[in-house]
$ cat upload.csv   # CSV, C-alpha atoms
chain,number,residue,atom,x,y,z
A,1,MET,CA,30.1,24.5,-6.4
A,2,TRP,CA,28.4,27.3,-4.6
A,3,ASN,CA,24.7,27.6,-4.8
A,4,ARG,CA,24.1,31.1,-3.7
A,5,LYS,CA,20.3,30.9,-4.1
A,6,LYS,CA,20.0,27.9,-1.8
A,7,ASP,CA,22.4,29.4,0.8
A,8,ASP,CA,20.5,32.6,0.9
A,9,ASP,CA,17.4,30.6,1.8
A,10,PHE,CA,18.9,29.8,5.2
A,11,GLY,CA,20.6,33.1,5.8
A,12,LEU,CA,24.1,32.7,4.7
A,13,ALA,CA,26.1,35.8,3.9
A,14,LYS,CA,27.5,35.9,0.4
A,15,PRO,CA,31.2,35.9,0.0
A,16,VAL,CA,32.2,39.1,-1.7
A,17,ALA,CA,35.6,38.1,-2.8
A,18,GLY,CA,37.2,34.9,-3.9
A,19,PRO,CA,38.0,32.0,-1.6
A,20,PRO,CA,41.0,32.0,0.7
A,21,ALA,CA,44.2,30.5,-0.5
A,22,PRO,CA,44.1,26.7,-0.6
A,23,SER,CA,47.2,26.5,1.5
A,24,GLU,CA,45.3,28.0,4.4
A,25,LEU,CA,42.6,25.4,4.2
A,26,ALA,CA,44.7,22.4,3.9
A,27,LYS,CA,46.4,22.9,7.2
A,28,GLU,CA,44.8,20.7,9.8
A,29,GLY,CA,44.6,21.9,13.4
A,30,ILE,CA,45.0,25.5,12.5
A,31,PRO,CA,42.0,27.5,13.6
A,32,MET,CA,40.1,29.0,10.7
A,33,SER,CA,37.9,31.9,11.5
A,34,THR,CA,35.7,34.4,9.9
A,35,LEU,CA,36.3,36.9,12.7
A,36,PRO,CA,36.9,40.4,11.3
A,37,GLY,CA,40.3,40.7,12.8
A,38,ARG,CA,41.8,38.2,10.4
A,39,SER,CA,40.7,39.6,7.1
A,40,SER,CA,40.7,43.2,5.8
A,41,SER,CA,41.6,44.6,9.2
A,42,SER,CA,44.6,42.4,9.6
A,43,GLY,CA,46.9,44.8,7.8
A,44,ALA,CA,46.7,43.3,4.3
A,45,SER,CA,48.3,45.5,1.8
A,46,SER,CA,46.2,47.2,-0.8
A,47,SER,CA,47.7,45.0,-3.5
A,48,GLU,CA,46.0,41.9,-1.9
A,49,PRO,CA,42.5,41.1,-3.0
A,50,HIS,CA,39.8,42.7,-0.8
A,51,TYR,CA,38.3,40.2,1.5
A,52,GLU,CA,35.0,40.8,3.2
A,53,PRO,CA,34.3,38.6,6.3
A,54,THR,CA,31.0,36.6,6.3
A,55,ARG,CA,28.7,36.6,9.3
A,56,ASN,CA,29.3,33.1,10.2
A,57,ALA,CA,31.5,30.2,9.4
A,58,VAL,CA,30.4,27.6,6.8
A,59,LEU,CA,31.2,24.0,6.0
A,60,GLY,CA,30.2,23.7,2.4
A,61,LYS,CA,28.2,20.9,1.0
A,62,SER,CA,31.2,18.9,-0.3
A,63,VAL,CA,33.0,19.1,3.0
A,64,ILE,CA,33.3,16.0,5.2
A,65,VAL,CA,34.6,16.3,8.7
A,66,LYS,CA,35.3,13.3,11.0
A,67,GLY,CA,36.2,14.4,14.5
A,68,GLN,CA,35.3,17.2,16.9
A,69,ILE,CA,34.2,20.7,15.9
A,70,TYR,CA,34.4,23.5,18.4
A,71,SER,CA,33.4,26.9,17.3
A,72,ARG,CA,33.5,30.3,18.9
A,73,GLU,CA,31.3,31.8,16.3
A,74,ASP,CA,28.0,30.9,14.5
A,75,LEU,CA,28.5,28.0,12.2
A,76,THR,CA,26.5,26.6,9.2
A,77,ILE,CA,27.1,23.0,8.2
A,78,ASP,CA,25.9,22.1,4.8
A,79,GLY,CA,28.3,19.2,4.4
A,80,GLU,CA,28.8,16.0,6.4
A,81,VAL,CA,30.1,15.8,9.9
A,82,GLU,CA,30.7,12.7,12.1
A,83,GLY,CA,31.8,13.2,15.7
A,84,THR,CA,30.9,16.0,18.0
A,85,VAL,CA,29.9,19.6,17.3
A,86,GLU,CA,30.1,22.2,20.1
A,87,LEU,CA,29.1,25.9,19.8
A,88,GLN,CA,28.2,26.6,23.4
A,89,GLU,CA,27.6,30.3,23.0
A,90,HIS,CA,26.6,30.4,19.3
A,91,ARG,CA,24.1,29.4,16.7
A,92,LEU,CA,24.5,26.2,14.6
A,93,THR,CA,22.6,25.8,11.3
A,94,ILE,CA,22.4,22.5,9.6
A,95,GLY,CA,21.8,23.4,6.0
A,96,PRO,CA,19.5,21.5,3.6
A,97,ASN,CA,22.4,19.4,2.4
A,98,GLY,CA,23.9,19.0,5.9
A,99,LYS,CA,24.2,15.4,7.3
A,100,VAL,CA,25.4,15.4,10.8
A,101,ARG,CA,26.1,12.2,12.7
A,102,ALA,CA,27.2,13.6,16.0
A,103,SER,CA,26.2,14.9,19.4
A,104,VAL,CA,25.5,18.5,19.1
A,105,LYS,CA,25.8,21.3,21.7
A,106,ALA,CA,25.0,24.9,20.9
A,107,ARG,CA,23.1,27.9,22.1
A,108,GLU,CA,20.7,27.8,19.2
A,109,LEU,CA,20.2,25.2,16.5
A,110,VAL,CA,18.4,25.5,13.2
A,111,VAL,CA,17.9,22.2,11.3
A,112,LEU,CA,17.1,22.0,7.7
A,113,GLY,CA,19.1,18.9,7.0
A,114,THR,CA,19.7,15.7,8.9
A,115,ILE,CA,21.0,15.0,12.3
A,116,HIS,CA,21.6,11.6,13.9
A,117,GLY,CA,22.6,12.2,17.5
A,118,ASP,CA,21.7,13.8,20.7
A,119,VAL,CA,21.2,17.5,20.6
A,120,GLU,CA,21.4,20.0,23.5
A,121,THR,CA,20.9,23.7,23.3
A,122,THR,CA,20.7,26.4,26.0
A,123,ASP,CA,18.3,28.5,24.1
A,124,LYS,CA,16.3,27.2,21.1
A,125,ILE,CA,15.9,24.5,18.5
A,126,ASP,CA,14.2,25.4,15.2
A,127,ILE,CA,13.3,22.3,13.2
A,128,ARG,CA,12.3,23.2,9.7
A,129,LYS,CA,9.9,21.2,7.5
A,130,GLU,CA,12.4,19.2,5.5
A,131,ALA,CA,14.5,18.4,8.5
A,132,LYS,CA,15.2,14.9,9.8
A,133,LEU,CA,16.4,14.5,13.4
A,134,VAL,CA,16.9,11.2,15.1
A,135,GLY,CA,18.1,11.5,18.7
A,136,ASP,CA,17.2,13.1,22.0
A,137,ILE,CA,16.7,16.8,22.4
A,138,LYS,CA,17.3,18.9,25.4
A,139,THR,CA,16.5,22.5,25.0
A,140,ALA,CA,14.8,25.5,26.6
A,141,ARG,CA,12.5,26.2,23.6
A,142,ILE,CA,11.6,24.4,20.4
A,143,VAL,CA,10.0,25.5,17.2
A,144,ILE,CA,8.7,22.8,14.8
A,145,GLU,CA,7.5,23.2,11.3
A,146,ASP,CA,5.0,20.6,10.0
A,147,GLY,CA,6.7,18.1,7.8
A,148,ALA,CA,9.8,17.5,9.8
A,149,TYR,CA,10.7,14.0,10.9
A,150,PHE,CA,11.8,13.4,14.4
A,151,LYS,CA,12.3,10.3,16.4
A,152,GLY,CA,13.5,10.7,20.0
A,153,ASN,CA,12.9,12.3,23.4
A,154,ILE,CA,12.1,16.0,23.9
A,155,ASP,CA,13.1,17.4,27.2
A,156,ILE,CA,12.4,21.0,27.8
A,157,VAL,CA,14.8,22.5,30.3
A,158,ARG,CA,13.2,25.6,31.7
A,159,PRO,CA,15.4,28.6,31.7
A,160,GLU,CA,15.3,29.2,35.5
A,161,ALA,CA,16.5,25.6,36.0
A,162,ALA,CA,19.2,25.9,33.3
A,163,ARG,CA,22.6,26.4,34.7
A,164,PRO,CA,25.2,28.6,32.9
A,165,THR,CA,27.4,26.4,30.9
A,166,ALA,CA,31.1,26.6,31.1
A,167,VAL,CA,33.0,27.3,27.9
A,168,PRO,CA,34.8,24.0,27.1
A,169,THR,CA,38.3,23.9,26.0
A,170,PRO,CA,39.0,23.5,22.4
A,171,LYS,CA,39.3,20.0,21.2
A,172,PRO,CA,42.1,18.4,19.1
A,173,ALA,CA,42.1,18.9,15.4
A,174,ALA,CA,39.4,17.4,13.2
A,175,SER,CA,40.4,15.4,10.2
A,176,VAL,CA,39.2,17.1,7.1
A,177,THR,CA,39.1,14.8,4.0
A,178,PRO,CA,40.6,16.0,0.8
A,179,ALA,CA,37.1,16.6,-0.5
A,180,ALA,CA,36.8,19.3,2.1
A,181,SER,CA,39.3,21.7,0.7
A,182,SER,CA,37.3,22.7,-2.4
A,183,SER,CA,34.1,23.5,-0.7
A,184,ALA,CA,35.6,24.8,2.5
A,185,SER,CA,37.0,27.4,0.2
A,186,ALA,CA,33.6,27.6,-1.5
A,187,ALA,CA,32.1,28.7,1.7
A,188,GLY,CA,34.1,31.8,1.3
A,189,SER,CA,35.7,31.6,4.7
A,190,GLY,CA,37.4,29.2,6.9
A,191,PRO,CA,35.0,27.8,9.5
A,192,ALA,CA,35.9,28.5,13.1
A,193,VAL,CA,36.9,24.9,13.6
A,194,ALA,CA,39.2,25.2,16.5
A,195,ALA,CA,39.9,21.6,15.7
A,196,ALA,CA,39.7,21.2,12.8
A,197,ALA,CA,-10.4,-8.1,16.7
A,198,ASP,CA,-13.8,-9.7,16.0
A,199,SER,CA,-14.1,-7.3,13.1
A,200,LYS,CA,-17.9,-7.1,12.8
A,201,ARG,CA,-20.0,-4.8,14.8
B,1,MET,CA,-7.2,21.0,10.2
B,2,GLU,CA,-10.3,20.1,12.3
B,3,THR,CA,-10.5,20.8,16.0
B,4,ARG,CA,-12.9,18.7,18.1
B,5,ASN,CA,-13.7,17.9,21.6
B,6,SER,CA,-12.2,14.8,23.0
B,7,ASN,CA,-13.3,13.1,26.2
B,8,GLY,CA,-10.6,10.5,25.8
B,9,LEU,CA,-8.0,13.2,25.7
B,10,GLY,CA,-9.5,14.8,28.8
B,11,GLN,CA,-9.1,11.5,30.7
B,12,PHE,CA,-5.6,11.0,29.4
B,13,CYS,CA,-4.6,14.5,30.5
B,14,SER,CA,-6.1,14.0,33.9
B,15,SER,CA,-3.8,11.0,34.4
B,16,LEU,CA,-0.8,13.3,33.8
B,17,GLU,CA,-1.8,15.9,36.3
B,18,GLU,CA,-0.6,14.3,39.5
B,19,ARG,CA,3.1,15.3,39.0
B,20,GLU,CA,5.6,16.8,36.7
B,21,GLY,CA,8.5,15.1,34.9
B,22,LEU,CA,6.4,12.2,33.4
B,23,SER,CA,7.4,10.5,30.2
B,24,VAL,CA,4.8,10.5,27.4
B,25,LEU,CA,5.0,8.5,24.2
B,26,ASP,CA,3.4,10.0,21.1
B,27,LEU,CA,3.1,7.9,17.9
B,28,ALA,CA,1.6,10.6,15.7
B,29,GLY,CA,4.8,12.1,14.6
B,30,LEU,CA,6.4,15.4,15.5
B,31,ASN,CA,4.1,18.5,15.8
B,32,GLN,CA,4.4,21.7,17.6
B,33,GLN,CA,1.0,21.6,19.3
B,34,THR,CA,1.5,18.3,21.1
B,35,VAL,CA,5.2,19.0,22.0
B,36,SER,CA,4.2,22.4,23.5
B,37,PHE,CA,1.2,21.0,25.4
B,38,ILE,CA,3.1,18.1,27.0
B,39,THR,CA,6.3,19.9,27.7
B,40,ASN,CA,4.5,23.0,29.1
B,41,GLN,CA,3.1,20.7,31.7
B,42,GLY,CA,6.6,19.8,32.7
B,43,HIS,CA,6.6,16.4,31.0
B,44,ARG,CA,9.0,14.8,28.6
B,45,LEU,CA,7.8,13.6,25.2
B,46,TYR,CA,9.1,10.8,23.1
B,47,SER,CA,7.9,11.3,19.6
B,48,ASP,CA,7.9,9.0,16.6
B,49,ASP,CA,5.9,8.7,13.4
B,50,PHE,CA,4.6,5.2,13.7
B,51,LEU,CA,2.6,5.2,10.4
B,52,LEU,CA,5.7,6.4,8.5
B,53,GLN,CA,7.8,3.7,10.1
B,54,LEU,CA,5.1,1.1,9.2
B,55,ASP,CA,5.1,2.2,5.6
B,56,GLN,CA,8.9,2.2,5.5
B,57,CYS,CA,9.0,-1.3,6.9
B,58,PHE,CA,6.1,-3.0,5.1
B,59,GLY,CA,5.3,-0.6,2.3
B,60,LYS,CA,7.5,-2.2,-0.4
B,61,GLY,CA,5.6,-5.5,-0.7
B,62,ASN,CA,2.2,-6.8,0.4
B,63,PHE,CA,1.5,-4.4,3.3
B,64,TYR,CA,-0.6,-6.7,5.5
B,65,GLN,CA,1.0,-10.0,4.5
B,66,ASP,CA,4.4,-8.7,5.3
B,67,GLN,CA,3.2,-7.8,8.7
B,68,THR,CA,3.0,-11.5,9.5
B,69,ASP,CA,6.7,-12.1,8.7
B,70,PRO,CA,8.4,-12.7,12.0
B,71,LYS,CA,11.7,-11.1,10.8
B,72,LEU,CA,10.1,-8.0,9.6
B,73,MET,CA,7.9,-7.8,12.7
B,74,ASP,CA,11.0,-8.0,14.9
B,75,LYS,CA,12.7,-5.3,12.8
B,76,PHE,CA,9.7,-3.1,13.1
B,77,LEU,CA,9.3,-3.5,16.8
B,78,LYS,CA,13.0,-2.8,17.3
B,79,ALA,CA,12.7,0.4,15.2
B,80,THR,CA,9.6,1.7,17.0
B,81,LEU,CA,9.1,0.4,20.5
B,82,ASP,CA,12.5,-0.8,21.7
B,83,PHE,CA,12.3,0.7,25.2
B,84,PRO,CA,13.0,-0.8,28.6
B,85,ASP,CA,9.9,-2.1,30.5
B,86,GLN,CA,7.9,0.6,32.3
B,87,SER,CA,9.5,3.5,30.5
B,88,PHE,CA,6.4,5.6,30.0
B,89,ASP,CA,3.6,7.2,32.1
B,90,GLY,CA,1.3,7.6,29.1
B,91,ALA,CA,1.0,6.7,25.4
B,92,LEU,CA,-0.8,8.6,22.7
B,93,VAL,CA,-1.3,5.8,20.2
B,94,TRP,CA,-4.1,7.5,18.2
B,95,ASP,CA,-5.3,5.5,15.2
B,96,VAL,CA,-2.2,3.5,14.3
B,97,LEU,CA,-3.4,0.2,15.7
B,98,GLU,CA,-6.0,0.0,13.0
B,99,TYR,CA,-3.4,-0.6,10.4
B,100,LEU,CA,-1.7,-3.5,12.0
B,101,ALA,CA,-2.4,-7.1,10.9
B,102,PRO,CA,-3.4,-9.4,13.8
B,103,PRO,CA,0.0,-10.9,14.6
B,104,LEU,CA,1.8,-7.6,14.6
B,105,LEU,CA,-1.1,-5.9,16.4
B,106,SER,CA,-0.9,-8.4,19.2
B,107,ALA,CA,2.9,-7.9,19.4
B,108,VAL,CA,2.6,-4.2,19.5
B,109,VAL,CA,-0.1,-4.1,22.2
B,110,SER,CA,1.9,-6.6,24.2
B,111,LYS,CA,5.0,-4.3,23.9
B,112,LEU,CA,2.9,-1.2,24.8
B,113,TYR,CA,1.8,-3.1,27.9
B,114,ARG,CA,5.4,-3.7,28.9
B,115,ILE,CA,6.7,-0.2,28.3
B,116,LEU,CA,3.9,1.5,30.2
B,117,ARG,CA,4.1,1.9,33.9
B,118,PRO,CA,1.2,0.4,36.1
B,119,GLY,CA,-1.6,3.0,36.4
B,120,SER,CA,-0.6,4.9,33.3
B,121,CYS,CA,-3.1,5.6,30.4
B,122,LEU,CA,-3.1,4.8,26.7
B,123,LEU,CA,-5.3,6.8,24.3
B,124,ALA,CA,-6.2,5.1,21.0
B,125,VAL,CA,-8.8,5.9,18.3
B,126,PHE,CA,-10.7,3.4,16.1
B,127,HIS,CA,-13.2,3.7,13.4
B,128,ALA,CA,-16.5,2.4,14.6
B,129,GLU,CA,-18.0,2.0,11.2
B,130,GLU,CA,-16.8,-0.8,8.8
B,131,ARG,CA,-15.6,0.6,5.5
B,132,GLU,CA,-13.2,-0.4,2.7
B,133,ALA,CA,-11.0,2.6,3.4
B,134,VAL,CA,-11.0,5.1,6.2
B,135,THR,CA,-9.4,8.5,6.6
B,136,ALA,CA,-6.1,8.4,8.5
B,137,TYR,CA,-5.4,11.5,10.5
B,138,SER,CA,-2.4,13.2,12.1
B,139,TYR,CA,-3.5,13.9,15.6
B,140,ARG,CA,-2.4,16.8,17.8
B,141,ILE,CA,-3.3,18.0,21.2
B,142,PHE,CA,-4.9,21.4,21.0
B,143,ASP,CA,-5.7,21.7,24.7
B,144,GLN,CA,-6.8,19.6,27.6
B,145,ARG,CA,-10.1,18.7,26.0
B,146,ASN,CA,-9.6,19.3,22.3
B,147,ILE,CA,-7.6,17.5,19.6
B,148,GLN,CA,-6.7,18.7,16.1
B,149,MET,CA,-6.9,16.3,13.2
B,150,ALA,CA,-5.1,16.8,9.9
B,151,VAL,CA,-6.1,14.4,7.1
B,152,ARG,CA,-3.3,12.1,6.2
B,153,GLY,CA,-5.0,10.3,3.4
B,154,GLU,CA,-7.2,7.2,3.0
B,155,ARG,CA,-6.0,3.9,4.2
B,156,ARG,CA,-7.4,0.4,4.3
B,157,PRO,CA,-7.6,-0.8,7.9
B,158,ALA,CA,-6.4,-4.3,8.7
B,159,GLN,CA,-9.6,-5.0,10.7
B,160,PHE,CA,-12.5,-3.3,12.5
B,161,PHE,CA,-13.1,-3.4,16.1
B,162,ASN,CA,-16.3,-3.4,18.2
B,163,ASN,CA,-16.3,-2.9,22.0
B,164,ARG,CA,-16.0,-6.6,22.7
B,165,SER,CA,-13.0,-7.0,20.4
B,166,LEU,CA,-11.3,-4.0,21.9
B,167,GLU,CA,-11.8,-5.4,25.3
B,168,ARG,CA,-10.2,-8.6,24.1
B,169,LEU,CA,-7.3,-6.7,22.5
B,170,PHE,CA,-6.5,-4.9,25.8
B,171,GLN,CA,-7.3,-7.8,28.0
B,172,ASP,CA,-4.0,-7.6,29.9
B,173,PHE,CA,-4.7,-4.0,30.9
B,174,ASP,CA,-6.5,-3.0,33.9
B,175,SER,CA,-9.5,-1.2,32.3
B,176,VAL,CA,-10.8,-0.1,28.9
B,177,LYS,CA,-13.2,2.8,28.5
B,178,PHE,CA,-14.9,3.9,25.3
B,179,PHE,CA,-16.1,7.3,24.0
B,180,LEU,CA,-18.0,7.3,20.7
B,181,THR,CA,-17.4,10.6,18.9
B,182,ARG,CA,-18.3,12.3,15.7
B,183,ASP,CA,-17.7,10.6,12.3
B,184,HIS,CA,-18.0,7.2,13.9
B,185,LEU,CA,-14.7,7.5,15.7
B,186,ARG,CA,-14.3,5.6,18.9
B,187,GLU,CA,-11.8,6.9,21.5
B,188,VAL,CA,-10.5,4.3,23.8
B,189,ILE,CA,-8.8,5.0,27.1
B,190,VAL,CA,-6.9,2.0,28.4
B,191,ARG,CA,-5.4,1.9,31.9
B,192,ARG,CA,-2.4,-0.2,32.5
$ encode --input "upload.csv" --output "structure tokens"
Amino acid sequence: MWNRKKDDDFGLAKPVAGPPAPSELAKEGIPMSTLPGRSSSSGASSSEPHYEPTRNAVLGKSVIVKGQIYSREDLTIDGEVEGTVELQEHRLTIGPNGKVRASVKARELVVLGTIHGDVETTDKIDIRKEAKLVGDIKTARIVIEDGAYFKGNIDIVRPEAARPTAVPTPKPAASVTPAASSSASAAGSGPAVAAAADSKR
Amino acid sequence: METRNSNGLGQFCSSLEEREGLSVLDLAGLNQQTVSFITNQGHRLYSDDFLLQLDQCFGKGNFYQDQTDPKLMDKFLKATLDFPDQSFDGALVWDVLEYLAPPLLSAVVSKLYRILRPGSCLLAVFHAEEREAVTAYSYRIFDQRNIQMAVRGERRPAQFFNNRSLERLFQDFDSVKFFLTRDHLREVIVRR
């Protein structure tokens, strides 16, 4: 359920301990975060299993989210998302198995999977060779690997012209399908989903 | 990857120098060089891989015969060139027109005419030598006067064009200019 080798390829941190309790993951609308404050430093007793926080939140490859995702930390999506994804101040990575049908806003975006939807970043978009992106791009910088498929408009917004973006308020809870629970736990941490012519010459 | 001088590209780029914020259509598929060149000049780029779309739409059956099917033609045009009239200030068409059967070719050129603004330029490349199969390339802009060409395999062209047939093909446009380059490639600059 958890392909460590693949995940390492796109910079995911390995979960050191086991997944969080299923009861935590099943609760819709409850913010799930990998921020340090909520794990080992949250006053867990020594009898509880040691839990090391990962560097960013992950939606595993069997997770399906329909709704709005808002994150206050870096997020990797290796599952399926339909709706909107906003990480205004953070980096979003669409993993090789990731299929996103959504408008995406982030500070930085790395695409190894598929995105159908308009994408806006304040810093950089990195499109890797196996990526498929259909939609319009608005960004300050773009890095493209040969082999990627893209169909859409590319509009480079120069930094001096870019205005600071306001931090949007968190959106209502996303609906996470039952399939989500197993791989959300597989990710090793709860994602920071604040909601959930004539031819001859 | 081969880099070569391109007079056609030089003319095309000159047409974009007047002001910033122009919209350019590139049918070669996504590549860093063209994206950087066009966007560094302050323009917007619309990118699509026209040959890939062509293969996806007509590659399952008889490639050229299917291109005469009105339903498939319509589907293809909607998938590739479904833009409002006069949406673009320039079009980098490269060699894709060589692989279109006459009915589809005519529809595509007509659509290109509609989506380009008056005065804008279209850059296309055609093989000047008649052969069974020709080398298809992935074209990128290296700089104002040089293009990079990456081989994309051999393909059988639908037809060959001489200067007169190219003039007929772009008869609705304002002007057609030819540049014969190395390897029997003919660059064509067409002004809307």
$ closest_atom_pairs --input "upload.csv" --of "chain A" --to "chain B" --cutoff "12 Å" --atoms "only C-alpha atoms" --output "Markdown table"
| residue | atom | partner | partner_atom | distance |
| --- | --- | --- | --- | --- |
| A:Ile125 | CA | B:Gln32 | CA | 11.9 |
| A:Asp126 | CA | B:Gln32 | CA | 10.7 |
| A:Ile127 | CA | B:Gln32 | CA | 9.9 |
| A:Arg128 | CA | B:Asn31 | CA | 11.2 |
| A:Lys129 | CA | B:Asn31 | CA | 10.5 |
| A:Ala131 | CA | B:Leu30 | CA | 11.1 |
| A:Lys132 | CA | B:Leu30 | CA | 10.5 |
| A:Leu133 | CA | B:Leu30 | CA | 10.3 |
| A:Val134 | CA | B:Asp48 | CA | 9.4 |
| A:Gly135 | CA | B:Tyr46 | CA | 10.0 |
| A:Asp136 | CA | B:Tyr46 | CA | 8.5 |
| A:Ile137 | CA | B:Tyr46 | CA | 9.7 |
| A:Lys138 | CA | B:Arg44 | CA | 9.8 |
| A:Thr139 | CA | B:Thr39 | CA | 10.9 |
| A:Ala140 | CA | B:Thr39 | CA | 10.2 |
| A:Arg141 | CA | B:Ser36 | CA | 9.1 |
| A:Ile142 | CA | B:Gln32 | CA | 8.2 |
| A:Val143 | CA | B:Gln32 | CA | 6.8 |
| A:Ile144 | CA | B:Gln32 | CA | 5.2 |
| A:Glu145 | CA | B:Gln32 | CA | 7.2 |
| A:Asp146 | CA | B:Asn31 | CA | 6.2 |
| A:Gly147 | CA | B:Leu30 | CA | 8.2 |
| A:Ala148 | CA | B:Leu30 | CA | 7.0 |
| A:Tyr149 | CA | B:Leu30 | CA | 6.5 |
| A:Phe150 | CA | B:Leu30 | CA | 5.9 |
| A:Lys151 | CA | B:Asp48 | CA | 4.6 |
| A:Gly152 | CA | B:Tyr46 | CA | 5.4 |
| A:Asn153 | CA | B:Tyr46 | CA | 4.1 |
| A:Ile154 | CA | B:Leu45 | CA | 5.1 |
| A:Asp155 | CA | B:Arg44 | CA | 5.1 |
| A:Ile156 | CA | B:Thr39 | CA | 6.2 |
| A:Val157 | CA | B:Gly42 | CA | 9.0 |
| A:Arg158 | CA | B:Gly42 | CA | 8.8 |
| A:Ala161 | CA | B:Gly42 | CA | 11.9 |
| A:Ala197 | CA | B:Ser165 | CA | 4.7 |
| A:Asp198 | CA | B:Ser165 | CA | 5.2 |
| A:Ser199 | CA | B:Phe160 | CA | 4.3 |
| A:Lys200 | CA | B:Phe160 | CA | 6.6 |
| A:Arg201 | CA | B:Asn162 | CA | 5.2 |
$ residues_around --input "upload.csv" --residues "Glu2 of chain B" --least-positions-apart "2" --cutoff "10 Å" --atoms "all atoms listed in the file" --output "list of chain:residue names"
B:Arg4, B:Tyr139, B:Ile147, B:Gln148, B:Met149, B:Ala150, B:Val151
$ residues_around --input "upload.csv" --residues "segment 65-75 of chain B" --least-positions-apart "4" --cutoff "10 Å" --atoms "all atoms listed in the file" --output "mmCIF file with C-alpha atoms, in the coordinates of the input"
data_model
loop_
_atom_site.group_PDB
_atom_site.id
_atom_site.type_symbol
_atom_site.label_atom_id
_atom_site.label_comp_id
_atom_site.auth_asym_id
_atom_site.auth_seq_id
_atom_site.Cartn_x
_atom_site.Cartn_y
_atom_site.Cartn_z
ATOM 1 C CA LEU B 54 5.100 1.100 9.200
ATOM 2 C CA CYS B 57 9.000 -1.300 6.900
ATOM 3 C CA PHE B 58 6.100 -3.000 5.100
ATOM 4 C CA GLY B 59 5.300 -0.600 2.300
ATOM 5 C CA LYS B 60 7.500 -2.200 -0.400
ATOM 6 C CA GLY B 61 5.600 -5.500 -0.700
ATOM 7 C CA ALA B 79 12.700 0.400 15.200
ATOM 8 C CA THR B 80 9.600 1.700 17.000
ATOM 9 C CA ASP B 82 12.500 -0.800 21.700
ATOM 10 C CA TYR B 99 -3.400 -0.600 10.400
ATOM 11 C CA LEU B 100 -1.700 -3.500 12.000
ATOM 12 C CA ALA B 101 -2.400 -7.100 10.900
ATOM 13 C CA PRO B 102 -3.400 -9.400 13.800
ATOM 14 C CA PRO B 103 0.000 -10.900 14.600
ATOM 15 C CA LEU B 104 1.800 -7.600 14.600
ATOM 16 C CA LEU B 105 -1.100 -5.900 16.400
ATOM 17 C CA ALA B 107 2.900 -7.900 19.400
ATOM 18 C CA VAL B 108 2.600 -4.200 19.500
#
$ residues_around --input "upload.csv" --residues "Trp94 of chain B" --least-positions-apart "6" --cutoff "12 Å" --atoms "only C-alpha atoms" --output "number ranges by chain"
B: 6, 8-9, 12, 25-29, 49-51, 122-127, 136-141, 147-149, 185-190
$ atom_distance --input "upload.csv" --atom1 "atom CA of Leu59 of chain A" --atom2 "atom CA of His116 of chain A"
17.6 Å
$ residues_near_point --input "upload.csv" --point "(22.5, 27.9, 23.7)" --cutoff "7 Å" --atoms "only C-alpha atoms" --output "PyMOL selection string"
chain A and resi 88-90+106-108+121-124
$ write_last_selection --input "upload.csv" --atoms "C-alpha atoms" --output "compact mmCIF listing (two decimals), in the frame of the given file"
# COMPACT_ATOMS: atom_id res chain seq x y z
CA GLN A 88 28.20 26.60 23.40
CA GLU A 89 27.60 30.30 23.00
CA HIS A 90 26.60 30.40 19.30
CA ALA A 106 25.00 24.90 20.90
CA ARG A 107 23.10 27.90 22.10
CA GLU A 108 20.70 27.80 19.20
CA THR A 121 20.90 23.70 23.30
CA THR A 122 20.70 26.40 26.00
CA ASP A 123 18.30 28.50 24.10
CA LYS A 124 16.30 27.20 21.10
$ atom_distance --input "upload.csv" --atom1 "atom CA of Thr76 of chain A" --atom2 "atom CA of Gly60 of chain A"
8.3 Å
$ atom_distance --input "upload.csv" --atom1 "atom CA of Thr93 of chain A" --atom2 "atom CA of Asp74 of chain A"
8.1 Å
$ residues_around --input "upload.csv" --residues "Phe170 of chain B" --least-positions-apart "6" --cutoff "9 Å" --atoms "all atoms listed in the file" --output "NGL selection string"
:B and (109-110 or 113 or 176 or 190)
